[in-house]
$ cat coords_23.txt   # compact mmCIF, C-alpha atoms
# COMPACT_ATOMS: atom_id res chain seq x y z
CA MET A 1 77.10 117.13 134.73
CA MET A 2 80.04 116.82 132.29
CA SER A 3 83.22 115.53 133.87
CA ARG A 4 86.43 117.58 133.67
CA GLN A 5 88.05 114.95 131.38
CA ALA A 6 85.04 114.94 129.01
CA PHE A 7 85.05 118.74 128.95
CA LEU A 8 88.75 118.84 128.00
CA CYS A 9 88.25 116.23 125.24
CA SER A 10 85.33 118.23 123.86
CA LEU A 11 87.40 121.44 123.93
CA GLY A 12 90.28 119.71 122.15
CA SER A 13 88.01 118.42 119.40
CA LEU A 14 86.55 121.89 118.90
CA TYR A 15 90.05 123.39 118.61
CA LEU A 16 91.11 120.81 116.00
CA SER A 17 87.93 121.41 114.01
CA LEU A 18 88.48 125.18 113.99
CA LEU A 19 92.13 124.74 113.02
CA PHE A 20 91.12 122.53 110.07
CA VAL A 21 88.57 125.14 108.90
CA PHE A 22 91.14 127.95 109.08
CA LEU A 23 93.65 125.90 107.10
CA LEU A 24 91.09 125.25 104.37
CA MET A 25 90.20 128.95 104.27
CA ASP A 26 93.88 129.86 103.90
CA VAL A 27 94.42 127.41 101.02
CA TYR A 28 91.39 128.56 99.05
CA ALA A 29 92.07 132.24 99.78
CA ARG A 30 95.47 132.13 98.04
CA PRO A 31 95.60 133.66 94.55
CA ALA A 32 95.61 131.06 91.79
CA ASN A 33 98.75 132.28 90.02
CA ASN A 34 102.30 130.96 89.85
CA SER A 35 102.59 130.12 93.57
CA ALA A 36 102.08 126.43 92.91
CA LEU A 37 105.17 126.37 90.72
CA LYS A 38 107.29 128.48 93.03
CA GLU A 39 109.66 127.01 95.55
CA LYS A 40 112.56 128.56 97.42
CA PRO A 41 113.70 132.11 96.53
CA ALA A 42 116.04 132.32 93.57
CA ASP A 43 119.75 132.06 94.13
CA SER A 44 121.02 135.36 92.71
CA LYS A 45 124.30 133.68 91.78
CA ASP A 46 122.47 131.11 89.60
CA GLU A 47 120.42 133.88 88.03
CA ASN A 48 123.51 135.98 87.30
CA GLU A 49 125.17 133.01 85.60
CA ILE A 50 122.53 132.72 82.89
CA LEU A 51 121.21 136.27 82.53
CA PRO A 52 122.89 138.77 80.20
CA PRO A 53 124.75 141.26 82.43
CA ASP A 54 123.59 144.89 82.59
CA HIS A 55 127.20 146.04 82.68
CA LEU A 56 129.74 145.17 80.00
CA ASN A 57 133.40 145.76 80.85
CA GLY A 58 135.24 147.89 78.31
CA VAL A 59 132.05 149.11 76.59
CA LYS A 60 131.26 152.82 76.77
CA MET A 61 127.54 152.47 77.35
CA GLU A 62 125.44 150.25 79.59
CA MET A 63 122.66 148.04 78.27
CA ASP A 64 120.09 150.54 79.55
CA GLY A 65 121.67 153.48 77.71
CA HIS A 66 123.53 154.94 80.70
CA LEU A 67 127.15 155.97 80.24
CA ASN A 68 129.69 153.55 81.70
CA LYS A 69 131.20 155.58 84.54
CA GLU A 70 134.07 153.12 85.01
CA PHE A 71 135.07 152.91 81.36
CA HIS A 72 138.38 154.79 81.73
CA GLN A 73 139.50 152.56 84.60
CA GLU A 74 138.40 149.41 82.77
CA VAL A 75 140.41 150.13 79.62
CA PHE A 76 143.42 151.36 81.56
CA LEU A 77 143.60 148.64 84.22
CA GLY A 78 142.02 145.63 82.54
CA LYS A 79 141.77 142.66 84.90
CA GLU A 80 143.81 144.56 87.51
CA MET A 81 140.94 146.96 88.14
CA GLU A 82 139.69 145.04 91.19
CA GLU A 83 143.07 145.45 92.85
CA PHE A 84 142.70 149.23 92.95
CA GLU A 85 140.18 149.56 95.75
CA GLU A 86 139.39 152.89 97.42
CA ASP A 87 140.55 151.61 100.79
CA SER A 88 143.67 149.77 99.63
CA GLU A 89 147.13 150.85 100.73
CA PRO A 90 148.15 153.92 98.64
CA ARG A 91 151.83 152.94 98.58
CA ARG A 92 151.03 149.57 96.99
CA ASN A 93 148.72 151.18 94.46
CA ARG A 94 151.43 153.68 93.62
CA LYS A 95 153.83 150.84 92.83
CA LYS A 96 151.22 149.09 90.71
CA LEU A 97 150.58 152.28 88.76
CA MET A 98 154.30 152.76 88.16
CA VAL A 99 154.54 149.19 86.83
CA ILE A 100 151.64 149.87 84.47
CA PHE A 101 153.31 153.09 83.29
CA SER A 102 156.47 151.18 82.38
CA LYS A 103 154.41 148.61 80.43
CA VAL A 104 152.55 151.27 78.45
CA ASP A 105 155.80 153.16 77.74
CA ILE A 106 157.09 150.59 75.25
CA ASN A 107 159.86 152.83 73.84
CA ASN A 108 161.12 153.64 77.37
CA ASP A 109 161.27 157.40 76.80
CA LYS A 110 159.63 158.08 80.20
CA LYS A 111 156.41 159.39 78.62
CA ILE A 112 153.29 157.90 77.06
CA GLY A 113 152.08 158.99 73.63
CA ALA A 114 148.66 158.49 72.01
CA LYS A 115 149.74 155.46 69.98
CA GLU A 116 151.19 153.76 73.04
CA MET A 117 148.01 154.43 74.98
CA GLN A 118 145.90 153.19 72.06
CA ARG A 119 147.82 149.91 71.96
CA TRP A 120 147.39 149.52 75.73
CA ILE A 121 143.62 150.22 75.58
CA MET A 122 143.16 147.59 72.87
CA GLU A 123 145.17 145.10 74.93
CA LYS A 124 143.15 145.72 78.10
CA THR A 125 139.86 145.55 76.17
CA ASP A 126 140.93 142.19 74.80
CA GLU A 127 141.58 141.06 78.39
CA HIS A 128 137.94 141.78 79.20
CA PHE A 129 136.92 139.88 76.07
CA GLN A 130 138.93 136.81 77.05
CA GLU A 131 137.57 136.97 80.59
CA ALA A 132 134.02 136.92 79.19
CA VAL A 133 134.89 133.95 76.97
CA GLU A 134 136.16 131.94 79.96
CA GLU A 135 133.14 132.83 82.09
CA ASN A 136 130.85 131.89 79.21
CA LYS A 137 132.22 128.35 79.16
CA MET A 138 131.06 127.88 82.75
CA HIS A 139 127.70 129.58 82.13
CA PHE A 140 127.08 127.48 79.02
CA ARG A 141 127.64 124.26 80.97
CA ALA A 142 125.02 125.45 83.48
CA VAL A 143 122.34 125.60 80.77
CA ASP A 144 123.57 122.59 78.76
CA PRO A 145 123.13 119.73 81.26
CA ASP A 146 123.20 117.00 78.60
CA GLY A 147 126.50 118.33 77.26
CA ASP A 148 125.52 118.09 73.58
CA GLY A 149 127.01 121.52 72.84
CA ARG A 150 123.67 123.07 71.92
CA VAL A 151 121.01 124.74 74.06
CA SER A 152 117.40 125.13 72.98
CA TRP A 153 115.26 128.09 73.95
CA ASP A 154 113.08 125.77 76.08
CA GLU A 155 116.16 124.44 77.94
CA TYR A 156 117.27 127.98 78.69
CA LYS A 157 113.74 129.03 79.65
CA ILE A 158 113.54 126.21 82.20
CA LYS A 159 116.88 127.18 83.76
CA PHE A 160 115.92 130.85 83.81
CA LEU A 161 112.60 130.19 85.57
CA ALA A 162 114.33 127.84 88.01
CA SER A 163 116.76 130.65 88.86
CA LYS A 164 113.72 132.85 89.60
CA GLY A 165 112.44 130.34 92.16
CA PHE A 166 110.11 128.18 90.06
CA ASN A 167 110.07 124.39 90.43
CA GLU A 168 112.36 123.17 87.65
CA LYS A 169 110.79 119.72 87.24
CA GLU A 170 107.25 121.06 87.11
CA ILE A 171 108.19 123.79 84.63
CA ALA A 172 109.99 121.24 82.41
CA GLU A 173 106.99 118.92 82.48
CA LYS A 174 104.55 121.71 81.57
CA ILE A 175 106.74 122.89 78.68
CA LYS A 176 107.10 119.31 77.43
CA ASN A 177 103.31 118.88 77.44
CA ASN A 178 102.68 122.35 75.97
CA GLU A 179 100.74 123.34 79.07
CA GLU A 180 100.21 126.96 80.04
CA LEU A 181 102.75 128.42 82.46
CA LYS A 182 101.25 130.70 85.07
CA ILE A 183 103.98 133.34 85.25
CA ASP A 184 103.70 136.81 86.74
CA GLU A 185 103.64 139.74 84.32
CA GLU A 186 107.10 141.06 85.22
CA THR A 187 108.81 137.70 84.69
CA GLN A 188 106.94 137.19 81.41
CA GLU A 189 108.15 140.58 80.15
CA VAL A 190 111.76 139.64 80.93
CA LEU A 191 111.26 136.31 79.15
CA ASP A 192 109.86 138.02 76.05
CA ASN A 193 112.87 140.36 75.88
CA LEU A 194 115.27 137.45 76.36
CA LYS A 195 113.57 135.50 73.58
CA ASP A 196 114.01 138.44 71.16
CA ARG A 197 117.66 138.52 72.11
CA TRP A 198 117.90 134.71 71.71
CA TYR A 199 116.56 134.99 68.14
CA GLN A 200 119.17 137.63 67.34
CA ALA A 201 122.04 135.50 68.67
CA ASP A 202 120.83 132.47 66.68
CA ASN A 203 122.92 132.51 63.49
CA PRO A 204 121.24 131.47 60.21
CA PRO A 205 119.60 129.15 59.58
CA PRO A 206 117.61 129.94 62.77
CA ASP A 207 116.59 126.92 64.83
CA LEU A 208 116.33 128.47 68.32
CA MET A 209 119.39 126.41 69.30
CA LEU A 210 122.54 128.20 70.47
CA ASN A 211 126.03 126.75 70.52
CA GLU A 212 128.69 128.04 72.91
CA GLU A 213 129.81 130.84 70.59
CA GLU A 214 126.24 132.00 69.96
CA PHE A 215 125.50 131.84 73.69
CA LEU A 216 128.49 134.13 74.24
CA SER A 217 126.89 136.64 71.85
CA PHE A 218 123.61 136.27 73.73
CA LEU A 219 125.25 137.15 77.06
CA HIS A 220 127.83 139.59 75.64
CA PRO A 221 126.59 141.43 72.53
CA GLU A 222 129.93 143.25 72.24
CA HIS A 223 131.39 139.97 70.92
CA SER A 224 129.20 139.94 67.82
CA ARG A 225 128.63 142.65 65.23
CA GLY A 226 125.07 141.46 64.72
CA MET A 227 124.29 141.51 68.43
CA LEU A 228 125.98 144.89 68.81
CA LYS A 229 123.54 146.22 66.18
CA PHE A 230 120.67 144.71 68.17
CA MET A 231 121.91 146.33 71.37
CA VAL A 232 122.14 149.72 69.62
CA LYS A 233 118.59 149.36 68.27
CA GLU A 234 117.35 148.59 71.78
CA ILE A 235 119.07 151.66 73.25
CA ILE A 236 117.77 153.95 70.50
CA ARG A 237 114.27 152.50 70.87
CA ASP A 238 114.31 153.39 74.57
CA LEU A 239 115.64 156.94 74.06
CA ASP A 240 114.03 157.90 70.74
CA GLN A 241 110.98 160.06 71.50
CA ASP A 242 109.77 160.88 67.99
CA GLY A 243 110.26 157.44 66.43
CA ASP A 244 112.71 158.47 63.68
CA LYS A 245 115.28 155.90 64.84
CA LYS A 246 117.83 158.64 65.47
CA LEU A 247 118.80 160.58 68.57
CA THR A 248 118.87 164.33 69.02
CA LEU A 249 120.80 165.94 71.86
CA SER A 250 117.57 166.64 73.78
CA GLU A 251 116.55 162.98 73.49
CA PHE A 252 119.96 161.76 74.60
CA ILE A 253 120.16 163.98 77.66
CA SER A 254 116.56 163.50 78.78
CA LEU A 255 116.47 162.68 82.47
CA PRO A 256 115.45 159.20 83.59
CA VAL A 257 111.86 158.71 84.68
CA GLY A 258 111.35 160.26 88.13
CA THR A 259 111.15 163.65 89.76
CA VAL A 260 113.83 165.62 91.55
CA GLU A 261 112.93 165.63 95.22
CA ASN A 262 115.87 167.43 96.82
CA GLN A 263 119.00 169.40 96.05
CA GLN A 264 121.23 166.32 96.14
CA ALA A 265 119.05 164.65 93.52
CA GLN A 266 119.10 167.86 91.49
CA ASP A 267 122.91 167.86 91.56
CA ILE A 268 122.96 164.25 90.35
CA ASP A 269 120.59 165.10 87.53
CA ASP A 270 122.69 168.13 86.57
CA ASP A 271 125.77 165.91 86.36
CA TRP A 272 123.78 163.40 84.25
CA VAL A 273 122.89 166.10 81.71
CA LYS A 274 126.39 167.60 81.70
CA ASP A 275 128.15 164.27 81.15
CA ARG A 276 125.77 163.10 78.44
CA ARG A 277 125.84 166.44 76.60
CA LYS A 278 129.65 166.36 76.51
CA GLU A 279 129.74 162.75 75.30
CA PHE A 280 127.09 163.40 72.63
CA GLU A 281 128.67 166.55 71.23
CA GLU A 282 132.35 165.61 71.47
CA VAL A 283 132.39 161.86 70.86
CA ILE A 284 129.24 160.10 69.66
CA ASP A 285 128.05 162.62 67.05
CA ALA A 286 130.98 161.95 64.72
CA ASN A 287 129.99 164.43 61.98
CA HIS A 288 128.73 167.04 64.46
CA ASP A 289 125.37 167.51 62.74
CA GLY A 290 123.40 167.36 66.00
CA ILE A 291 121.98 163.93 65.17
CA VAL A 292 123.24 160.50 66.25
CA THR A 293 122.38 157.72 63.83
CA MET A 294 122.40 153.99 64.53
CA GLU A 295 125.65 153.73 62.60
CA GLU A 296 127.33 156.42 64.71
CA LEU A 297 126.15 154.85 67.95
CA GLU A 298 127.29 151.43 66.77
CA GLU A 299 130.78 152.73 66.00
CA TYR A 300 130.86 154.44 69.39
CA MET A 301 129.79 151.25 71.18
CA ASP A 302 132.23 148.91 69.39
CA PRO A 303 134.95 148.16 71.97
CA MET A 304 137.39 146.84 69.37
CA ASN A 305 137.20 149.89 67.12
CA GLU A 306 140.83 151.05 66.76
CA TYR A 307 139.82 154.59 65.77
CA ASN A 308 137.73 154.86 68.95
CA ALA A 309 140.66 153.53 70.97
CA LEU A 310 142.93 156.23 69.53
CA ASN A 311 140.39 158.94 70.33
CA GLU A 312 140.01 157.58 73.83
CA ALA A 313 143.78 157.56 74.24
CA LYS A 314 143.97 161.23 73.21
CA GLN A 315 141.16 162.14 75.62
CA MET A 316 142.80 160.30 78.50
CA ILE A 317 146.09 162.08 77.82
CA ALA A 318 144.37 165.47 77.58
CA VAL A 319 142.80 165.05 81.03
CA ALA A 320 146.17 164.80 82.82
CA ASP A 321 148.55 166.53 80.38
CA GLU A 322 149.43 169.52 82.56
CA ASN A 323 152.51 170.59 80.57
CA GLN A 324 150.57 170.34 77.30
CA ASN A 325 153.18 168.26 75.47
CA HIS A 326 150.56 165.72 74.26
CA HIS A 327 152.18 162.99 76.33
CA LEU A 328 151.79 161.69 79.88
CA GLU A 329 154.66 161.62 82.35
CA LEU A 330 154.56 159.38 85.41
CA GLU A 331 154.01 162.35 87.73
CA GLU A 332 150.91 163.35 85.76
CA ILE A 333 149.38 159.88 85.90
CA LEU A 334 150.06 159.65 89.63
CA LYS A 335 148.50 163.05 90.21
CA TYR A 336 145.38 162.10 88.26
CA SER A 337 145.29 158.56 89.62
CA GLU A 338 141.60 158.79 90.53
CA TYR A 339 140.72 159.27 86.86
CA PHE A 340 142.83 156.30 85.74
CA THR A 341 142.26 153.91 88.65
CA GLY A 342 139.33 155.18 90.69
CA SER A 343 141.67 155.59 93.69
CA LYS A 344 143.42 158.66 95.06
CA LEU A 345 147.12 158.36 95.79
CA MET A 346 148.12 160.79 98.54
CA ASP A 347 151.42 162.68 98.44
CA TYR A 348 152.08 161.44 94.91
CA ALA A 349 154.71 164.10 94.11
CA ARG A 350 156.79 163.48 97.21
CA ASN A 351 156.71 159.72 96.83
CA VAL A 352 157.31 159.30 93.13
CA HIS A 353 161.04 160.01 93.43
CA GLU A 354 161.32 157.87 96.55
CA GLU A 355 159.93 154.88 94.64
CA PHE A 356 162.54 155.29 91.90
$ encode --input "coords_23.txt" --output "structure tokens"
Amino acid sequence: MMSRQAFLCSLGSLYLSLLFVFLLMDVYARPANNSALKEKPADSKDENEILPPDHLNGVKMEMDGHLNKEFHQEVFLGKEMEEFEEDSEPRRNRKKLMVIFSKVDINNDKKIGAKEMQRWIMEKTDEHFQEAVEENKMHFRAVDPDGDGRVSWDEYKIKFLASKGFNEKEIAEKIKNNEELKIDEETQEVLDNLKDRWYQADNPPPDLMLNEEEFLSFLHPEHSRGMLKFMVKEIIRDLDQDGDKKLTLSEFISLPVGTVENQQAQDIDDDWVKDRRKEFEEVIDANHDGIVTMEELEEYMDPMNEYNALNEAKQMIAVADENQNHHLELEEILKYSEYFTGSKLMDYARNVHEEF
């Protein structure tokens, strides 16, 4: 008869054998894709440092063709926009807004005209530009580890895949040896789009190497006329349904992919159509022929277009110009503070005189 000690030893050996079999089954059952190259999840901060942003401050349209809902605040507040939070103290925001009013009112006549507002919009847009330039210096260093002032597509590709959670050393070795990279379909699609954009940012003669200025254009197409054209082509490609490389009103206001499931979603979609129709008819379609060409969209998208800045100034004044004198008084800006700053200032009329 087997002793208790022998029985326990036999049971332990059986357990270890089964455990080993299960481990082998698990290893061989895993899909043979990119898992071997993957390590820890990507740090979103690292990824954001080297990926072109979806949102461009001071540009009227997003990269995906959506209207920039914060455009008015961005060109009115510049770098101070973050200070005007919804939950911040209204009295402090009121003081900030009054300071801004005095800066815009350069002739000190207690009202703001279109030319004054135009100058201010251009100044605030330039602030966003300079902010992007400074951020780009840091982002460029992240992808230029050898500090030679030039980044190859392969160097960028390695950093991008590392930010997505791939093993940087293994990826670098495979690229060096021209070995196949087992990348999932979604990541490969993003890479292909980035490579197209990289080619566009690479000034002649093309060598797939970007310097710091070219890398800025890669991340921020609004800084380069050539890249702005590329961005416009991408937007039109996504919205153009008949392939004529122009946009009709119906194409421009077409709802995003998806169905309306409830009344709240229907209201959002109604606002989408209303806002885009107004922008198309009143602003983008410059000659009002019902067609938006690439040239018209490019002019509309150009943040440093002085004519656009003047039109924007006139529109901003018209929104709050209650006495219809084509100027803005302080009381009007305070009353329509949500439009200019994204924040409501309560009891604006009572407090404006107290502040003075």
$ atom_distance --input "coords_23.txt" --atom1 "atom CA of Lys164 of chain A" --atom2 "atom CA of Glu131 of chain A"
25.8 Å
$ residues_around --input "coords_23.txt" --residues "Glu281 of chain A" --least-positions-apart "2" --cutoff "12 Å" --atoms "all atoms listed in the file" --output "MDAnalysis selection string"
chainID A and resid 247:250 252:253 273:279 283:292
$ atom_distance --input "coords_23.txt" --atom1 "atom CA of Asp302 of chain A" --atom2 "atom CA of His66 of chain A"
15.5 Å
$ closest_atom_pairs --input "coords_23.txt" --of "segment 210-295 of chain A" --to "segment 154-161 of chain A" --cutoff "12 Å" --atoms "only C-alpha atoms" --output "tab-separated table"
residue	atom	partner	partner_atom	distance
A:Leu210	CA	A:Tyr156	CA	9.8
A:Phe215	CA	A:Tyr156	CA	10.4
A:Phe218	CA	A:Tyr156	CA	11.6
$ atom_distance --input "coords_23.txt" --atom1 "atom CA of His327 of chain A" --atom2 "atom CA of Lys111 of chain A"
6.0 Å
$ residues_around --input "coords_23.txt" --residues "Lys195 of chain A" --least-positions-apart "4" --cutoff "9 Å" --atoms "only C-alpha atoms" --output "mmCIF file with C-alpha atoms, in the coordinates of the input"
data_model
loop_
_atom_site.group_PDB
_atom_site.id
_atom_site.type_symbol
_atom_site.label_atom_id
_atom_site.label_comp_id
_atom_site.auth_asym_id
_atom_site.auth_seq_id
_atom_site.Cartn_x
_atom_site.Cartn_y
_atom_site.Cartn_z
ATOM 1 C CA TRP A 153 115.260 128.090 73.950
ATOM 2 C CA LYS A 157 113.740 129.030 79.650
ATOM 3 C CA VAL A 190 111.760 139.640 80.930
ATOM 4 C CA LEU A 191 111.260 136.310 79.150
ATOM 5 C CA TYR A 199 116.560 134.990 68.140
ATOM 6 C CA GLN A 200 119.170 137.630 67.340
#
$ closest_residue --input "coords_23.txt" --among "A:Gln118, A:Asn211, A:Asn325, A:Gln73" --to "Leu97 of chain A" --atoms "only C-alpha atoms"
A:Gln73
$ closest_residue --input "coords_23.txt" --among "A:Glu82, A:Glu185, A:Asp144, A:Glu234" --to "Glu212 of chain A" --atoms "all atoms listed in the file"
A:Asp144
$ closest_residue --input "coords_23.txt" --among "A:Asn57, A:Asn68, A:Asn167, A:Asn193" --to "His128 of chain A" --atoms "all atoms listed in the file"
A:Asn57
$ closest_residue --input "coords_23.txt" --among "A:Trp272, A:Phe140, A:Phe101, A:Phe280" --to "Leu219 of chain A" --atoms "all atoms listed in the file"
A:Phe140
$ closest_residue --input "coords_23.txt" --among "A:Asn177, A:Lys110, A:Met63, A:Gln130" --to "Asp238 of chain A" --atoms "only C-alpha atoms"
A:Met63
$ closest_residue --input "coords_23.txt" --among "A:Glu62, A:Leu77, A:Lys176, A:Val133" --to "Ile235 of chain A" --atoms "only C-alpha atoms"
A:Glu62
$ residues_around --input "coords_23.txt" --residues "Gly113 of chain A" --least-positions-apart "4" --cutoff "10 Å" --atoms "all atoms listed in the file" --output "list in words"
Val104, Asp105, Ile106, Asn107, Asp109, Met117, Gln118, Ala313, Lys314, Ile317, Asn325, His326, His327, Leu328 and Glu329 of chain A
$ residues_around --input "coords_23.txt" --residues "Asp244 of chain A" --least-positions-apart "2" --cutoff "12 Å" --atoms "only C-alpha atoms" --output "number ranges by chain"
A: 233, 236-237, 239-242, 246-248, 251, 291-294
$ build_atoms --input "coords_23.txt" --residues "segment 71-80 of chain A" --atoms "all heavy atoms" --output "compact mmCIF listing (two decimals), in the frame of the given file"
# COMPACT_ATOMS: atom_id res chain seq x y z
N PHE A 71 134.44 153.29 82.62
CA PHE A 71 135.07 152.91 81.36
C PHE A 71 136.57 153.21 81.33
O PHE A 71 137.38 152.38 80.92
CB PHE A 71 134.38 153.62 80.19
CG PHE A 71 135.02 153.35 78.86
CD1 PHE A 71 134.85 152.12 78.23
CD2 PHE A 71 135.81 154.30 78.23
CE1 PHE A 71 135.44 151.85 77.01
CE2 PHE A 71 136.41 154.04 77.01
CZ PHE A 71 136.22 152.81 76.40
N HIS A 72 136.96 154.40 81.78
CA HIS A 72 138.38 154.79 81.73
C HIS A 72 139.24 153.82 82.56
O HIS A 72 140.31 153.40 82.11
CB HIS A 72 138.58 156.22 82.25
CG HIS A 72 137.79 157.24 81.50
ND1 HIS A 72 137.95 157.45 80.15
CD2 HIS A 72 136.82 158.10 81.90
CE1 HIS A 72 137.12 158.40 79.76
NE2 HIS A 72 136.43 158.81 80.79
N GLN A 73 138.75 153.49 83.75
CA GLN A 73 139.50 152.56 84.60
C GLN A 73 139.56 151.17 83.97
O GLN A 73 140.57 150.49 84.03
CB GLN A 73 138.86 152.46 85.99
CG GLN A 73 139.00 153.73 86.83
CD GLN A 73 137.76 154.59 86.76
OE1 GLN A 73 137.35 154.98 85.68
NE2 GLN A 73 137.19 154.90 87.90
N GLU A 74 138.45 150.75 83.35
CA GLU A 74 138.40 149.41 82.77
C GLU A 74 139.39 149.23 81.63
O GLU A 74 140.06 148.21 81.52
CB GLU A 74 136.97 149.12 82.27
CG GLU A 74 135.98 148.90 83.41
CD GLU A 74 134.54 148.87 82.93
OE1 GLU A 74 134.30 149.07 81.71
OE2 GLU A 74 133.63 148.68 83.76
N VAL A 75 139.50 150.27 80.76
CA VAL A 75 140.41 150.13 79.62
C VAL A 75 141.84 150.50 79.97
O VAL A 75 142.76 150.25 79.17
CB VAL A 75 139.92 150.98 78.41
CG1 VAL A 75 138.58 150.49 77.91
CG2 VAL A 75 139.87 152.46 78.75
N PHE A 76 142.06 151.06 81.14
CA PHE A 76 143.42 151.36 81.56
C PHE A 76 143.99 150.25 82.45
O PHE A 76 145.18 149.95 82.38
CB PHE A 76 143.48 152.69 82.30
CG PHE A 76 144.88 153.13 82.65
CD1 PHE A 76 145.75 153.60 81.67
CD2 PHE A 76 145.34 153.07 83.96
CE1 PHE A 76 147.05 153.99 81.99
CE2 PHE A 76 146.63 153.46 84.28
CZ PHE A 76 147.48 153.91 83.30
N LEU A 77 143.13 149.65 83.26
CA LEU A 77 143.60 148.64 84.22
C LEU A 77 143.34 147.21 83.79
O LEU A 77 144.02 146.29 84.25
CB LEU A 77 142.94 148.88 85.58
CG LEU A 77 143.25 150.21 86.27
CD1 LEU A 77 142.45 150.34 87.55
CD2 LEU A 77 144.73 150.34 86.55
N GLY A 78 142.35 146.99 82.93
CA GLY A 78 142.02 145.63 82.54
C GLY A 78 141.61 144.79 83.74
O GLY A 78 140.85 145.23 84.60
N LYS A 79 142.13 143.57 83.81
CA LYS A 79 141.77 142.66 84.90
C LYS A 79 142.30 143.13 86.25
O LYS A 79 141.87 142.63 87.30
CB LYS A 79 142.31 141.26 84.60
CG LYS A 79 141.64 140.57 83.42
CD LYS A 79 142.03 139.11 83.30
CE LYS A 79 143.51 138.94 83.03
NZ LYS A 79 143.86 137.50 82.80
N GLU A 80 143.24 144.08 86.25
CA GLU A 80 143.81 144.56 87.51
C GLU A 80 142.93 145.58 88.21
O GLU A 80 143.26 146.06 89.29
CB GLU A 80 145.19 145.18 87.25
CG GLU A 80 146.22 144.20 86.74
CD GLU A 80 147.53 144.88 86.42
OE1 GLU A 80 148.27 145.19 87.37
OE2 GLU A 80 147.81 145.11 85.23
